[in-house]
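Text of the file final_9.cif, holding mmCIF, C-alpha atoms:
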```cif
data_start
#
loop_
_atom_site.group_PDB
_atom_site.id
_atom_site.type_symbol
_atom_site.label_atom_id
_atom_site.label_comp_id
_atom_site.auth_asym_id
_atom_site.auth_seq_id
_atom_site.Cartn_x
_atom_site.Cartn_y
_atom_site.Cartn_z
ATOM 1 C CA MET H 1 -4.399 28.916 16.604
ATOM 2 C CA ALA H 2 -7.947 29.050 15.207
ATOM 3 C CA GLU H 3 -10.608 27.024 16.992
ATOM 4 C CA SER H 4 -11.014 23.582 15.460
ATOM 5 C CA LYS H 5 -14.247 22.786 13.618
ATOM 6 C CA VAL H 6 -14.193 19.277 15.139
ATOM 7 C CA LYS H 7 -13.871 18.355 18.811
ATOM 8 C CA THR H 8 -12.970 14.659 18.683
ATOM 9 C CA ILE H 9 -11.103 12.856 15.920
ATOM 10 C CA GLY H 10 -10.977 9.102 15.498
ATOM 11 C CA VAL H 11 -8.273 7.303 13.533
ATOM 12 C CA LEU H 12 -8.315 3.805 12.076
ATOM 13 C CA THR H 13 -6.283 1.680 9.675
ATOM 14 C CA SER H 14 -8.118 -0.540 7.230
ATOM 15 C CA GLY H 15 -7.246 -3.124 4.577
ATOM 16 C CA GLY H 16 -3.719 -4.462 4.145
ATOM 17 C CA ASP H 17 -1.090 -3.164 6.548
ATOM 18 C CA ALA H 18 1.779 -1.101 5.194
ATOM 19 C CA PRO H 19 5.093 0.124 6.655
ATOM 20 C CA GLY H 20 4.629 3.759 7.654
ATOM 21 C CA MET H 21 1.086 3.417 8.959
ATOM 22 C CA ASN H 22 2.371 3.912 12.502
ATOM 23 C CA ALA H 23 4.087 7.121 11.420
ATOM 24 C CA ALA H 24 0.754 8.346 10.026
ATOM 25 C CA ILE H 25 -1.118 7.375 13.209
ATOM 26 C CA ARG H 26 1.505 9.163 15.285
ATOM 27 C CA ALA H 27 1.129 12.316 13.178
ATOM 28 C CA VAL H 28 -2.668 12.206 13.456
ATOM 29 C CA VAL H 29 -2.541 11.840 17.244
ATOM 30 C CA ARG H 30 0.012 14.567 17.856
ATOM 31 C CA THR H 31 -1.466 17.035 15.360
ATOM 32 C CA ALA H 32 -4.889 16.597 16.935
ATOM 33 C CA ILE H 33 -3.453 17.258 20.396
ATOM 34 C CA GLU H 34 -1.577 20.314 19.089
ATOM 35 C CA ASN H 35 -4.922 21.658 17.838
ATOM 36 C CA GLY H 36 -6.709 21.043 21.132
ATOM 37 C CA VAL H 37 -8.735 18.134 19.745
ATOM 38 C CA THR H 38 -9.502 14.905 21.604
ATOM 39 C CA ILE H 39 -8.142 11.855 19.771
ATOM 40 C CA LYS H 40 -9.465 8.297 19.839
ATOM 41 C CA GLY H 41 -7.968 5.222 18.234
ATOM 42 C CA ILE H 42 -10.210 2.612 16.647
ATOM 43 C CA ASN H 43 -8.703 -0.870 16.681
ATOM 44 C CA ARG H 44 -9.138 -3.309 13.754
ATOM 45 C CA GLY H 45 -10.534 -0.840 11.228
ATOM 46 C CA TYR H 46 -14.241 -0.758 10.457
ATOM 47 C CA ALA H 47 -14.714 -4.100 12.230
ATOM 48 C CA GLY H 48 -13.419 -2.509 15.424
ATOM 49 C CA LEU H 49 -15.655 0.513 14.878
ATOM 50 C CA LEU H 50 -18.734 -1.710 14.753
ATOM 51 C CA ASP H 51 -17.504 -3.588 17.839
ATOM 52 C CA GLU H 52 -16.845 -0.254 19.609
ATOM 53 C CA ASP H 53 -13.202 -1.215 20.142
ATOM 54 C CA ILE H 54 -12.301 2.431 20.695
ATOM 55 C CA ILE H 55 -9.537 3.775 22.942
ATOM 56 C CA GLU H 56 -8.507 7.189 24.198
ATOM 57 C CA MET H 57 -5.089 8.233 22.927
ATOM 58 C CA ASP H 58 -2.525 10.805 23.981
ATOM 59 C CA SER H 59 0.959 11.782 22.901
ATOM 60 C CA ARG H 60 2.522 8.901 24.821
ATOM 61 C CA SER H 61 0.234 6.419 23.074
ATOM 62 C CA VAL H 62 2.359 6.795 19.945
ATOM 63 C CA SER H 63 5.802 7.084 21.540
ATOM 64 C CA ASP H 64 8.418 4.761 20.054
ATOM 65 C CA THR H 65 6.222 3.804 17.081
ATOM 66 C CA ILE H 66 7.487 5.803 14.092
ATOM 67 C CA GLN H 67 10.171 3.206 13.316
ATOM 68 C CA ARG H 68 7.848 0.197 13.614
ATOM 69 C CA GLY H 69 6.206 -1.651 10.758
ATOM 70 C CA GLY H 70 2.617 -2.850 10.737
ATOM 71 C CA THR H 71 -0.098 -0.820 12.450
ATOM 72 C CA LYS H 72 -0.454 -0.127 16.150
ATOM 73 C CA LEU H 73 -4.234 -0.014 15.679
ATOM 74 C CA TYR H 74 -4.358 -3.375 13.887
ATOM 75 C CA THR H 75 -6.465 -3.977 10.797
ATOM 76 C CA ALA H 76 -9.198 -6.334 9.633
ATOM 77 C CA ARG H 77 -11.636 -6.874 6.788
ATOM 78 C CA CYS H 78 -15.296 -6.188 7.563
ATOM 79 C CA GLN H 79 -18.100 -7.531 5.385
ATOM 80 C CA GLU H 80 -20.768 -5.993 7.624
ATOM 81 C CA PHE H 81 -19.490 -2.485 6.946
ATOM 82 C CA MET H 82 -20.069 -3.009 3.222
ATOM 83 C CA THR H 83 -23.815 -2.961 3.899
ATOM 84 C CA SER H 84 -25.911 0.170 4.408
ATOM 85 C CA GLU H 85 -27.002 -1.196 7.790
ATOM 86 C CA GLY H 86 -23.375 -1.558 8.857
ATOM 87 C CA GLN H 87 -22.571 1.946 7.650
ATOM 88 C CA ASP H 88 -25.565 3.386 9.543
ATOM 89 C CA LYS H 89 -24.385 1.565 12.661
ATOM 90 C CA GLY H 90 -20.834 2.875 12.195
ATOM 91 C CA ALA H 91 -22.032 6.475 11.957
ATOM 92 C CA GLU H 92 -24.187 6.085 15.071
ATOM 93 C CA ILE H 93 -21.260 4.602 17.018
ATOM 94 C CA CYS H 94 -19.095 7.566 15.979
ATOM 95 C CA ARG H 95 -21.755 9.926 17.323
ATOM 96 C CA LYS H 96 -22.126 7.846 20.499
ATOM 97 C CA HIS H 97 -18.402 8.265 21.200
ATOM 98 C CA GLY H 98 -18.395 11.943 20.225
ATOM 99 C CA ILE H 99 -16.297 11.330 17.123
ATOM 100 C CA ASP H 100 -17.151 14.115 14.686
ATOM 101 C CA GLY H 101 -14.004 13.689 12.562
ATOM 102 C CA LEU H 102 -12.411 10.498 11.298
ATOM 103 C CA VAL H 103 -9.051 9.805 9.624
ATOM 104 C CA VAL H 104 -9.094 6.587 7.589
ATOM 105 C CA ILE H 105 -5.687 5.199 6.602
ATOM 106 C CA GLY H 106 -5.982 2.613 3.846
ATOM 107 C CA GLY H 107 -6.729 2.048 0.182
ATOM 108 C CA ASP H 108 -9.617 2.563 -2.217
ATOM 109 C CA GLY H 109 -11.875 0.124 -0.357
ATOM 110 C CA SER H 110 -11.249 1.980 2.892
ATOM 111 C CA PHE H 111 -12.068 5.270 1.165
ATOM 112 C CA GLN H 112 -15.392 3.829 -0.007
ATOM 113 C CA GLY H 113 -16.258 3.325 3.655
ATOM 114 C CA ALA H 114 -15.075 6.836 4.540
ATOM 115 C CA ARG H 115 -17.306 8.247 1.813
ATOM 116 C CA GLN H 116 -20.307 6.407 3.250
ATOM 117 C CA LEU H 117 -19.638 7.798 6.731
ATOM 118 C CA ALA H 118 -19.279 11.306 5.297
ATOM 119 C CA ALA H 119 -22.676 10.897 3.653
ATOM 120 C CA ARG H 120 -24.030 10.077 7.119
ATOM 121 C CA GLY H 121 -22.656 13.240 8.699
ATOM 122 C CA ILE H 122 -19.251 12.150 9.980
ATOM 123 C CA ASN H 123 -16.425 14.369 8.737
ATOM 124 C CA THR H 124 -13.879 12.075 7.089
ATOM 125 C CA VAL H 125 -10.438 12.358 5.489
ATOM 126 C CA GLY H 126 -8.621 9.451 3.856
ATOM 127 C CA VAL H 127 -4.862 8.883 3.906
ATOM 128 C CA PRO H 128 -3.475 6.535 1.216
ATOM 129 C CA GLY H 129 -1.847 3.547 2.892
ATOM 130 C CA THR H 130 -1.057 0.595 0.620
ATOM 131 C CA ILE H 131 2.149 -1.046 -0.562
ATOM 132 C CA ASP H 132 0.637 -1.468 -4.049
ATOM 133 C CA LEU H 133 0.881 2.231 -5.109
ATOM 134 C CA ASP H 134 -2.463 1.720 -6.854
ATOM 135 C CA ILE H 135 -4.472 4.774 -5.696
ATOM 136 C CA ALA H 136 -4.985 6.922 -8.765
ATOM 137 C CA CYS H 137 -5.133 10.365 -7.152
ATOM 138 C CA THR H 138 -1.664 10.162 -5.614
ATOM 139 C CA ASP H 139 1.891 9.595 -6.828
ATOM 140 C CA TYR H 140 2.817 8.067 -3.452
ATOM 141 C CA THR H 141 1.139 5.660 -1.051
ATOM 142 C CA ILE H 142 2.369 4.831 2.438
ATOM 143 C CA GLY H 143 4.379 1.616 2.441
ATOM 144 C CA PHE H 144 5.342 1.333 -1.216
ATOM 145 C CA ASP H 145 8.895 2.591 -0.805
ATOM 146 C CA THR H 146 9.666 0.146 2.007
ATOM 147 C CA ALA H 147 7.944 -2.775 0.254
ATOM 148 C CA VAL H 148 9.763 -2.294 -3.034
ATOM 149 C CA ASN H 149 13.097 -2.005 -1.226
ATOM 150 C CA THR H 150 12.319 -5.216 0.669
ATOM 151 C CA ALA H 151 11.541 -6.942 -2.639
ATOM 152 C CA MET H 152 14.708 -5.536 -4.208
ATOM 153 C CA ASP H 153 16.854 -6.832 -1.349
ATOM 154 C CA ALA H 154 15.272 -10.297 -1.533
ATOM 155 C CA ILE H 155 15.751 -10.495 -5.308
ATOM 156 C CA ASP H 156 19.412 -9.499 -4.925
ATOM 157 C CA LYS H 157 19.851 -12.471 -2.591
ATOM 158 C CA VAL H 158 18.071 -14.880 -4.932
ATOM 159 C CA ARG H 159 20.248 -13.643 -7.802
ATOM 160 C CA ASP H 160 23.367 -14.652 -5.865
ATOM 161 C CA THR H 161 22.295 -18.271 -5.595
ATOM 162 C CA SER H 162 20.760 -18.261 -9.075
ATOM 163 C CA THR H 163 24.134 -17.220 -10.492
ATOM 164 C CA SER H 164 25.981 -19.861 -8.483
ATOM 165 C CA HIS H 165 23.759 -22.639 -9.826
ATOM 166 C CA GLU H 166 23.319 -21.154 -13.331
ATOM 167 C CA ARG H 167 19.552 -21.230 -12.906
ATOM 168 C CA VAL H 168 16.490 -19.458 -14.122
ATOM 169 C CA SER H 169 14.825 -17.876 -11.065
ATOM 170 C CA ILE H 170 11.205 -16.750 -11.027
ATOM 171 C CA ILE H 171 10.597 -14.390 -8.106
ATOM 172 C CA GLU H 172 6.980 -13.588 -7.296
ATOM 173 C CA VAL H 173 6.303 -10.240 -5.628
ATOM 174 C CA MET H 174 3.056 -8.797 -4.268
ATOM 175 C CA GLY H 175 0.582 -7.049 -6.529
ATOM 176 C CA ARG H 176 -2.663 -8.838 -7.319
ATOM 177 C CA HIS H 177 -4.067 -6.121 -9.550
ATOM 178 C CA ALA H 178 -1.199 -3.626 -9.686
ATOM 179 C CA GLY H 179 2.306 -4.268 -10.981
ATOM 180 C CA TYR H 180 4.190 -1.355 -9.425
ATOM 181 C CA ILE H 181 6.284 -3.453 -7.034
ATOM 182 C CA ALA H 182 7.140 -5.859 -9.865
ATOM 183 C CA LEU H 183 7.971 -3.056 -12.293
ATOM 184 C CA TRP H 184 10.124 -1.065 -9.875
ATOM 185 C CA SER H 185 11.940 -4.027 -8.360
ATOM 186 C CA GLY H 186 12.390 -5.569 -11.804
ATOM 187 C CA ILE H 187 14.130 -2.436 -13.053
ATOM 188 C CA ALA H 188 16.087 -2.016 -9.806
ATOM 189 C CA ASN H 189 17.300 -5.627 -9.912
ATOM 190 C CA GLY H 190 18.060 -5.749 -13.627
ATOM 191 C CA ALA H 191 15.534 -8.542 -14.217
ATOM 192 C CA GLU H 192 15.554 -10.077 -17.681
ATOM 193 C CA GLU H 193 11.749 -10.430 -17.677
ATOM 194 C CA ILE H 194 9.034 -8.542 -15.748
ATOM 195 C CA LEU H 195 5.482 -9.921 -15.785
ATOM 196 C CA LEU H 196 2.700 -7.506 -14.798
ATOM 197 C CA PRO H 197 -1.025 -8.059 -14.103
ATOM 198 C CA GLU H 198 -1.921 -5.017 -16.217
ATOM 199 C CA LEU H 199 -0.294 -6.739 -19.220
ATOM 200 C CA GLN H 200 -1.628 -10.280 -19.040
ATOM 201 C CA ASN H 201 -0.828 -11.091 -22.669
ATOM 202 C CA TYR H 202 2.792 -12.132 -22.090
ATOM 203 C CA ASP H 203 4.132 -14.854 -24.377
ATOM 204 C CA GLU H 204 5.817 -17.682 -22.472
ATOM 205 C CA LYS H 205 7.265 -19.097 -25.694
ATOM 206 C CA LYS H 206 9.093 -15.798 -26.273
ATOM 207 C CA ILE H 207 10.417 -15.894 -22.710
ATOM 208 C CA VAL H 208 11.807 -19.371 -23.406
ATOM 209 C CA GLN H 209 13.364 -18.116 -26.652
ATOM 210 C CA HIS H 210 14.943 -15.176 -24.827
ATOM 211 C CA ILE H 211 16.394 -17.476 -22.135
ATOM 212 C CA LEU H 212 17.925 -19.782 -24.735
ATOM 213 C CA ALA H 213 19.256 -16.858 -26.785
ATOM 214 C CA ARG H 214 20.923 -15.337 -23.721
ATOM 215 C CA LYS H 215 22.404 -18.715 -22.799
ATOM 216 C CA ALA H 216 23.874 -19.009 -26.290
ATOM 217 C CA LEU H 217 25.589 -15.653 -25.706
ATOM 218 C CA GLY H 218 27.098 -16.898 -22.438
ATOM 219 C CA LYS H 219 24.488 -15.684 -19.948
ATOM 220 C CA LYS H 220 24.664 -17.930 -16.876
ATOM 221 C CA HIS H 221 21.363 -17.131 -15.181
ATOM 222 C CA THR H 222 18.005 -15.420 -15.737
ATOM 223 C CA ILE H 223 15.842 -13.439 -13.302
ATOM 224 C CA ILE H 224 12.095 -13.237 -13.973
ATOM 225 C CA VAL H 225 10.078 -10.966 -11.668
ATOM 226 C CA ASN H 226 6.491 -12.155 -11.612
ATOM 227 C CA ALA H 227 3.654 -10.154 -10.034
ATOM 228 C CA GLU H 228 1.217 -11.965 -7.761
ATOM 229 C CA GLY H 229 -1.619 -11.185 -10.175
ATOM 230 C CA ILE H 230 0.044 -13.324 -12.837
ATOM 231 C CA GLY H 231 0.685 -16.070 -10.287
ATOM 232 C CA ASN H 232 1.375 -19.756 -10.961
ATOM 233 C CA SER H 233 5.099 -19.217 -10.445
ATOM 234 C CA TYR H 234 5.807 -22.844 -9.516
ATOM 235 C CA ARG H 235 3.994 -24.221 -12.547
ATOM 236 C CA MET H 236 5.659 -21.618 -14.735
ATOM 237 C CA ALA H 237 9.038 -22.766 -13.414
ATOM 238 C CA ASP H 238 8.200 -26.390 -14.311
ATOM 239 C CA ARG H 239 7.200 -25.414 -17.839
ATOM 240 C CA ILE H 240 10.281 -23.247 -18.427
ATOM 241 C CA GLU H 241 12.622 -25.954 -17.111
ATOM 242 C CA ALA H 242 10.968 -28.522 -19.390
ATOM 243 C CA ALA H 243 11.229 -26.209 -22.411
ATOM 244 C CA THR H 244 14.816 -25.011 -21.823
ATOM 245 C CA GLY H 245 16.499 -27.855 -20.004
ATOM 246 C CA ILE H 246 17.797 -25.262 -17.539
ATOM 247 C CA GLU H 247 17.162 -25.757 -13.813
ATOM 248 C CA THR H 248 14.399 -23.310 -12.888
ATOM 249 C CA ARG H 249 13.222 -22.389 -9.403
ATOM 250 C CA ALA H 250 10.361 -20.223 -8.154
ATOM 251 C CA THR H 251 10.545 -18.080 -5.009
ATOM 252 C CA ILE H 252 7.472 -16.338 -3.588
ATOM 253 C CA ILE H 253 8.604 -13.456 -1.395
ATOM 254 C CA GLY H 254 5.168 -13.074 0.207
ATOM 255 C CA HIS H 255 4.243 -11.069 3.268
ATOM 256 C CA ILE H 256 7.743 -9.985 4.259
ATOM 257 C CA GLN H 257 7.015 -7.155 1.797
ATOM 258 C CA ARG H 258 4.376 -5.832 4.199
ATOM 259 C CA GLY H 259 6.606 -5.822 7.270
ATOM 260 C CA GLY H 260 9.792 -4.258 8.497
ATOM 261 C CA SER H 261 10.890 -0.859 9.690
ATOM 262 C CA PRO H 262 9.645 1.821 7.248
ATOM 263 C CA SER H 263 12.083 3.751 5.083
ATOM 264 C CA ALA H 264 12.823 7.425 5.671
ATOM 265 C CA LYS H 265 10.510 8.325 2.791
ATOM 266 C CA ASP H 266 7.632 6.320 4.221
ATOM 267 C CA ARG H 267 8.135 7.851 7.663
ATOM 268 C CA VAL H 268 8.344 11.445 6.414
ATOM 269 C CA TYR H 269 5.562 11.293 3.823
ATOM 270 C CA ALA H 270 3.243 9.388 6.173
ATOM 271 C CA SER H 271 3.897 11.988 8.868
ATOM 272 C CA ALA H 272 3.074 14.817 6.461
ATOM 273 C CA MET H 273 -0.108 13.122 5.255
ATOM 274 C CA GLY H 274 -1.327 12.347 8.779
ATOM 275 C CA CYS H 275 -0.708 15.939 9.832
ATOM 276 C CA MET H 276 -2.505 17.308 6.782
ATOM 277 C CA ALA H 277 -5.512 15.024 7.335
ATOM 278 C CA VAL H 278 -6.087 16.389 10.826
ATOM 279 C CA GLU H 279 -5.603 19.996 9.725
ATOM 280 C CA LEU H 280 -8.221 19.502 6.997
ATOM 281 C CA LEU H 281 -10.702 18.212 9.571
ATOM 282 C CA CYS H 282 -9.900 21.100 11.911
ATOM 283 C CA GLU H 283 -10.691 23.479 9.045
ATOM 284 C CA GLY H 284 -14.130 21.874 8.727
ATOM 285 C CA LYS H 285 -13.415 19.921 5.545
ATOM 286 C CA THR H 286 -14.828 16.455 4.926
ATOM 287 C CA ASN H 287 -15.024 13.737 2.295
ATOM 288 C CA ARG H 288 -11.419 14.399 1.272
ATOM 289 C CA VAL H 289 -8.367 12.275 0.459
ATOM 290 C CA VAL H 290 -4.830 13.474 1.150
ATOM 291 C CA ALA H 291 -2.476 12.920 -1.786
ATOM 292 C CA TYR H 292 1.028 13.640 -3.025
ATOM 293 C CA LYS H 293 0.807 14.936 -6.578
ATOM 294 C CA ASN H 294 3.428 16.596 -8.765
ATOM 295 C CA GLY H 295 5.737 17.170 -5.825
ATOM 296 C CA LYS H 296 3.146 18.652 -3.448
ATOM 297 C CA PHE H 297 0.850 17.420 -0.686
ATOM 298 C CA VAL H 298 -2.708 18.171 -1.804
ATOM 299 C CA ASP H 299 -6.235 16.889 -1.209
ATOM 300 C CA PHE H 300 -9.057 15.679 -3.424
ATOM 301 C CA ASP H 301 -12.749 15.029 -3.027
ATOM 302 C CA ILE H 302 -13.163 11.310 -2.272
ATOM 303 C CA GLU H 303 -15.671 10.899 -5.115
ATOM 304 C CA GLU H 304 -13.251 12.493 -7.563
ATOM 305 C CA ALA H 305 -10.373 10.393 -6.243
ATOM 306 C CA LEU H 306 -12.280 7.112 -6.536
ATOM 307 C CA ASN H 307 -13.271 7.870 -10.129
ATOM 308 C CA MET H 308 -9.680 8.429 -11.249
ATOM 309 C CA LYS H 309 -7.913 5.700 -13.209
ATOM 310 C CA LYS H 310 -4.255 4.815 -12.756
ATOM 311 C CA GLU H 311 -2.008 3.276 -15.378
ATOM 312 C CA LEU H 312 1.573 2.102 -15.278
ATOM 313 C CA ASP H 313 4.057 4.798 -16.271
ATOM 314 C CA PRO H 314 4.613 4.166 -20.002
ATOM 315 C CA PHE H 315 8.154 5.510 -19.827
ATOM 316 C CA LEU H 316 9.085 3.120 -17.001
ATOM 317 C CA LEU H 317 7.631 0.304 -19.100
ATOM 318 C CA HIS H 318 9.840 1.496 -21.948
ATOM 319 C CA VAL H 319 12.859 1.558 -19.620
ATOM 320 C CA SER H 320 12.128 -1.983 -18.402
ATOM 321 C CA ARG H 321 12.061 -3.268 -21.981
ATOM 322 C CA THR H 322 15.073 -1.283 -23.153
ATOM 323 C CA ILE H 323 17.653 -2.023 -20.465
#
```

Structure translated into structure tokens:
Amino acid sequence: MAESKVKTIGVLTSGGDAPGMNAAIRAVVRTAIENGVTIKGINRGYAGLLDEDIIEMDSRSVSDTIQRGGTKLYTARCQEFMTSEGQDKGAEICRKHGIDGLVVIGGDGSFQGARQLAARGINTVGVPGTIDLDIACTDYTIGFDTAVNTAMDAIDKVRDTSTSHERVSIIEVMGRHAGYIALWSGIANGAEEILLPELQNYDEKKIVQHILARKALGKKHTIIVNAEGIGNSYRMADRIEAATGIETRATIIGHIQRGGSPSAKDRVYASAMGCMAVELLCEGKTNRVVAYKNGKFVDFDIEEALNMKKELDPFLLHVSRTI
């Protein structure tokens, strides 16, 4: 085993929590130990870094965590860290605690912070953790698989009661700026309509026409999956009921999509990404983001990753409209 280029690695989770983050933390801790590196956990993301809420970790610190949702290290937003003064302070605190390598598990905003620390001499590697699947450099983000399966299960249950009452059901899933959960769960649940924040120009009059046309053909219920970024599900339900005369109900699934035991995919991929992040730091690399691209675990420069643009898969959009 070659000597590690870093002596002490810190790990934090930042932004929204996602199922599988604990698997990534566990992999970071145990890979660091395997490489003879001291490992420290930073509670509550960048806010905890600035508050010096830093703990020593060992292999037992992450026992019995791989199957748990949420994040063992907690997470918080931090306005102070968005300032250059906060970033300077964060880098100095890392040096004070001997942290010369840092693994940041989170989304694009978290990677912005990692980039700023790298510019201040702290070796950093980002790991994509977000249920929204909205990080452009990677085909997979920790938590998406579990979240979309949670949404799918909830929509299946709503469909049962929607069928019984011959209703229109509008089910709002998470995704303020990204419609991946809505698109995937909409296809998986056979939704009649899928409304996405990337495609804001939906025509409610056409939706009403489609509902009435399906009713005329004997369709007893309609499922509309609505992304959070479109919003206004309750008011939409009122308008559709008024226009169709069909009882219409809105259900907002909400934060249950963030919780729950992670799927096998989220556990395995998060473990691989956490392991790779530490090995990159041990090799002396910095300012990188771990990604899963074209069937392989790879890494990108953070600057390059942040400049990439991600669009919905046009073929999946075609599928959603065809079937």

Ranking H:Asn35, H:Ser14, H:Thr150, H:Asn201 by minimum distance to Met174 of chain H and counting only C-alpha atoms, which one comes first?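 Using only C-alpha atoms, Met174 of chain H sits closest to H:Thr150.
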
Enter the distance from atom CA of Thr130 of chain H to atom CA of Glu283 of chain H, in Å, rounded to one decimal. 26.2 Å

I'd like the interatomic distance between atom CA of Leu212 of chain H and atom CA of Lys157 of chain H, to a tenth of an Å. 23.4 Å

Taking into account all atoms listed in the file, which residue in the set H:Val268, H:Val11, H:Glu192, H:Glu198 is nearest to Asn123 of chain H?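 Among H:Val268, H:Val11, H:Glu192, H:Glu198, it is H:Val11 that comes nearest to Asn123 of chain H.
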
Quick one: which residues end up in the PyMOL selection byres ((chain H and resi 23) around 6) for this structure, as a CSV table (one decimal) with C-alpha atoms, in the coordinates of the input?
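To be explicit, this is the file written out as part.csv:
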```csv
chain,number,residue,atom,x,y,z
H,20,GLY,CA,4.6,3.8,7.7
H,21,MET,CA,1.1,3.4,9.0
H,22,ASN,CA,2.4,3.9,12.5
H,24,ALA,CA,0.8,8.3,10.0
H,25,ILE,CA,-1.1,7.4,13.2
H,26,ARG,CA,1.5,9.2,15.3
H,66,ILE,CA,7.5,5.8,14.1
H,267,ARG,CA,8.1,7.9,7.7
H,270,ALA,CA,3.2,9.4,6.2
H,271,SER,CA,3.9,12.0,8.9
```

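In terms of minimum interatomic distance to Gly113 of chain H, H:Leu306 ranks closest within H:Leu306, H:Ala227, H:Met57, H:Leu217, counting only C-alpha atoms.
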
Expected selection from the PyMOL selection byres ((chain H and resi 87-95) around 7), given as a PDB file with C-alpha atoms, in the coordinates of the input:
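Here's the written file result.pdb:
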```pdb
ATOM      1  CA  LEU H  49     -15.655   0.513  14.878  1.00  0.00           C
ATOM      2  CA  LEU H  50     -18.734  -1.710  14.753  1.00  0.00           C
ATOM      3  CA  PHE H  81     -19.490  -2.485   6.946  1.00  0.00           C
ATOM      4  CA  THR H  83     -23.815  -2.961   3.899  1.00  0.00           C
ATOM      5  CA  SER H  84     -25.911   0.170   4.408  1.00  0.00           C
ATOM      6  CA  GLU H  85     -27.002  -1.196   7.790  1.00  0.00           C
ATOM      7  CA  GLY H  86     -23.375  -1.558   8.857  1.00  0.00           C
ATOM      8  CA  LYS H  96     -22.126   7.846  20.499  1.00  0.00           C
ATOM      9  CA  HIS H  97     -18.402   8.265  21.200  1.00  0.00           C
ATOM     10  CA  GLY H  98     -18.395  11.943  20.225  1.00  0.00           C
ATOM     11  CA  ILE H  99     -16.297  11.330  17.123  1.00  0.00           C
ATOM     12  CA  ASP H 100     -17.151  14.115  14.686  1.00  0.00           C
ATOM     13  CA  GLN H 116     -20.307   6.407   3.250  1.00  0.00           C
ATOM     14  CA  LEU H 117     -19.638   7.798   6.731  1.00  0.00           C
ATOM     15  CA  ARG H 120     -24.030  10.077   7.119  1.00  0.00           C
ATOM     16  CA  ILE H 122     -19.251  12.150   9.980  1.00  0.00           C
TER      17      ILE H 122
END
```

Just give me the residues with any atom within 12 Å of (6.7, 5.4, 8.0), file coordinates, counting all atoms listed in the file, written as number ranges by chain. H: 17-27, 65-71, 129-131, 141-147, 259-274

Can you measure atom CA of Glu228 of chain H to atom CA of Gln209 of chain H for me? One decimal in Å is fine. 23.3 Å

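Distances here use all atoms listed in the file; by that measure, the residue among H:Val225, H:Ala277, H:Cys78, H:Ala216 closest to Tyr180 of chain H is H:Val225.
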
Expand the PyMOL selection byres ((chain H and resi 235-243) around 12) into the explicit residue set it covers here, and present it as a PDB file with C-alpha atoms, in the frame of the given file.
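Result file is selection04.pdb:
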```
ATOM      1  CA  ARG H 167      19.552 -21.230 -12.906  1.00  0.00           C
ATOM      2  CA  VAL H 168      16.490 -19.458 -14.122  1.00  0.00           C
ATOM      3  CA  SER H 169      14.825 -17.876 -11.065  1.00  0.00           C
ATOM      4  CA  ILE H 170      11.205 -16.750 -11.027  1.00  0.00           C
ATOM      5  CA  ILE H 171      10.597 -14.390  -8.106  1.00  0.00           C
ATOM      6  CA  GLU H 172       6.980 -13.588  -7.296  1.00  0.00           C
ATOM      7  CA  LEU H 195       5.482  -9.921 -15.785  1.00  0.00           C
ATOM      8  CA  ASP H 203       4.132 -14.854 -24.377  1.00  0.00           C
ATOM      9  CA  GLU H 204       5.817 -17.682 -22.472  1.00  0.00           C
ATOM     10  CA  LYS H 205       7.265 -19.097 -25.694  1.00  0.00           C
ATOM     11  CA  LYS H 206       9.093 -15.798 -26.273  1.00  0.00           C
ATOM     12  CA  ILE H 207      10.417 -15.894 -22.710  1.00  0.00           C
ATOM     13  CA  VAL H 208      11.807 -19.371 -23.406  1.00  0.00           C
ATOM     14  CA  GLN H 209      13.364 -18.116 -26.652  1.00  0.00           C
ATOM     15  CA  HIS H 210      14.943 -15.176 -24.827  1.00  0.00           C
ATOM     16  CA  ILE H 211      16.394 -17.476 -22.135  1.00  0.00           C
ATOM     17  CA  LEU H 212      17.925 -19.782 -24.735  1.00  0.00           C
ATOM     18  CA  THR H 222      18.005 -15.420 -15.737  1.00  0.00           C
ATOM     19  CA  ILE H 223      15.842 -13.439 -13.302  1.00  0.00           C
ATOM     20  CA  ILE H 224      12.095 -13.237 -13.973  1.00  0.00           C
ATOM     21  CA  VAL H 225      10.078 -10.966 -11.668  1.00  0.00           C
ATOM     22  CA  ASN H 226       6.491 -12.155 -11.612  1.00  0.00           C
ATOM     23  CA  ILE H 230       0.044 -13.324 -12.837  1.00  0.00           C
ATOM     24  CA  GLY H 231       0.685 -16.070 -10.287  1.00  0.00           C
ATOM     25  CA  ASN H 232       1.375 -19.756 -10.961  1.00  0.00           C
ATOM     26  CA  SER H 233       5.099 -19.217 -10.445  1.00  0.00           C
ATOM     27  CA  TYR H 234       5.807 -22.844  -9.516  1.00  0.00           C
ATOM     28  CA  THR H 244      14.816 -25.011 -21.823  1.00  0.00           C
ATOM     29  CA  GLY H 245      16.499 -27.855 -20.004  1.00  0.00           C
ATOM     30  CA  ILE H 246      17.797 -25.262 -17.539  1.00  0.00           C
ATOM     31  CA  GLU H 247      17.162 -25.757 -13.813  1.00  0.00           C
ATOM     32  CA  THR H 248      14.399 -23.310 -12.888  1.00  0.00           C
ATOM     33  CA  ARG H 249      13.222 -22.389  -9.403  1.00  0.00           C
ATOM     34  CA  ALA H 250      10.361 -20.223  -8.154  1.00  0.00           C
ATOM     35  CA  THR H 251      10.545 -18.080  -5.009  1.00  0.00           C
ATOM     36  CA  ILE H 252       7.472 -16.338  -3.588  1.00  0.00           C
TER      37      ILE H 252
END
```

Would you kindly return, as a compact mmCIF listing (two decimals) with C-alpha atoms, keeping the file's coordinate frame, each protein, DNA or RNA residue with an atom no farther than 9 Å from any atom of segment 314-316 of chain H, considering all atoms listed in the file and excluding same-chain residues fewer than 2 positions away?
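The resulting file, out06.txt, is shown below:
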```
# COMPACT_ATOMS: atom_id res chain seq x y z
CA LEU H 183 7.97 -3.06 -12.29
CA TRP H 184 10.12 -1.06 -9.88
CA ILE H 187 14.13 -2.44 -13.05
CA GLU H 311 -2.01 3.28 -15.38
CA LEU H 312 1.57 2.10 -15.28
CA HIS H 318 9.84 1.50 -21.95
CA VAL H 319 12.86 1.56 -19.62
CA SER H 320 12.13 -1.98 -18.40
CA ARG H 321 12.06 -3.27 -21.98
```
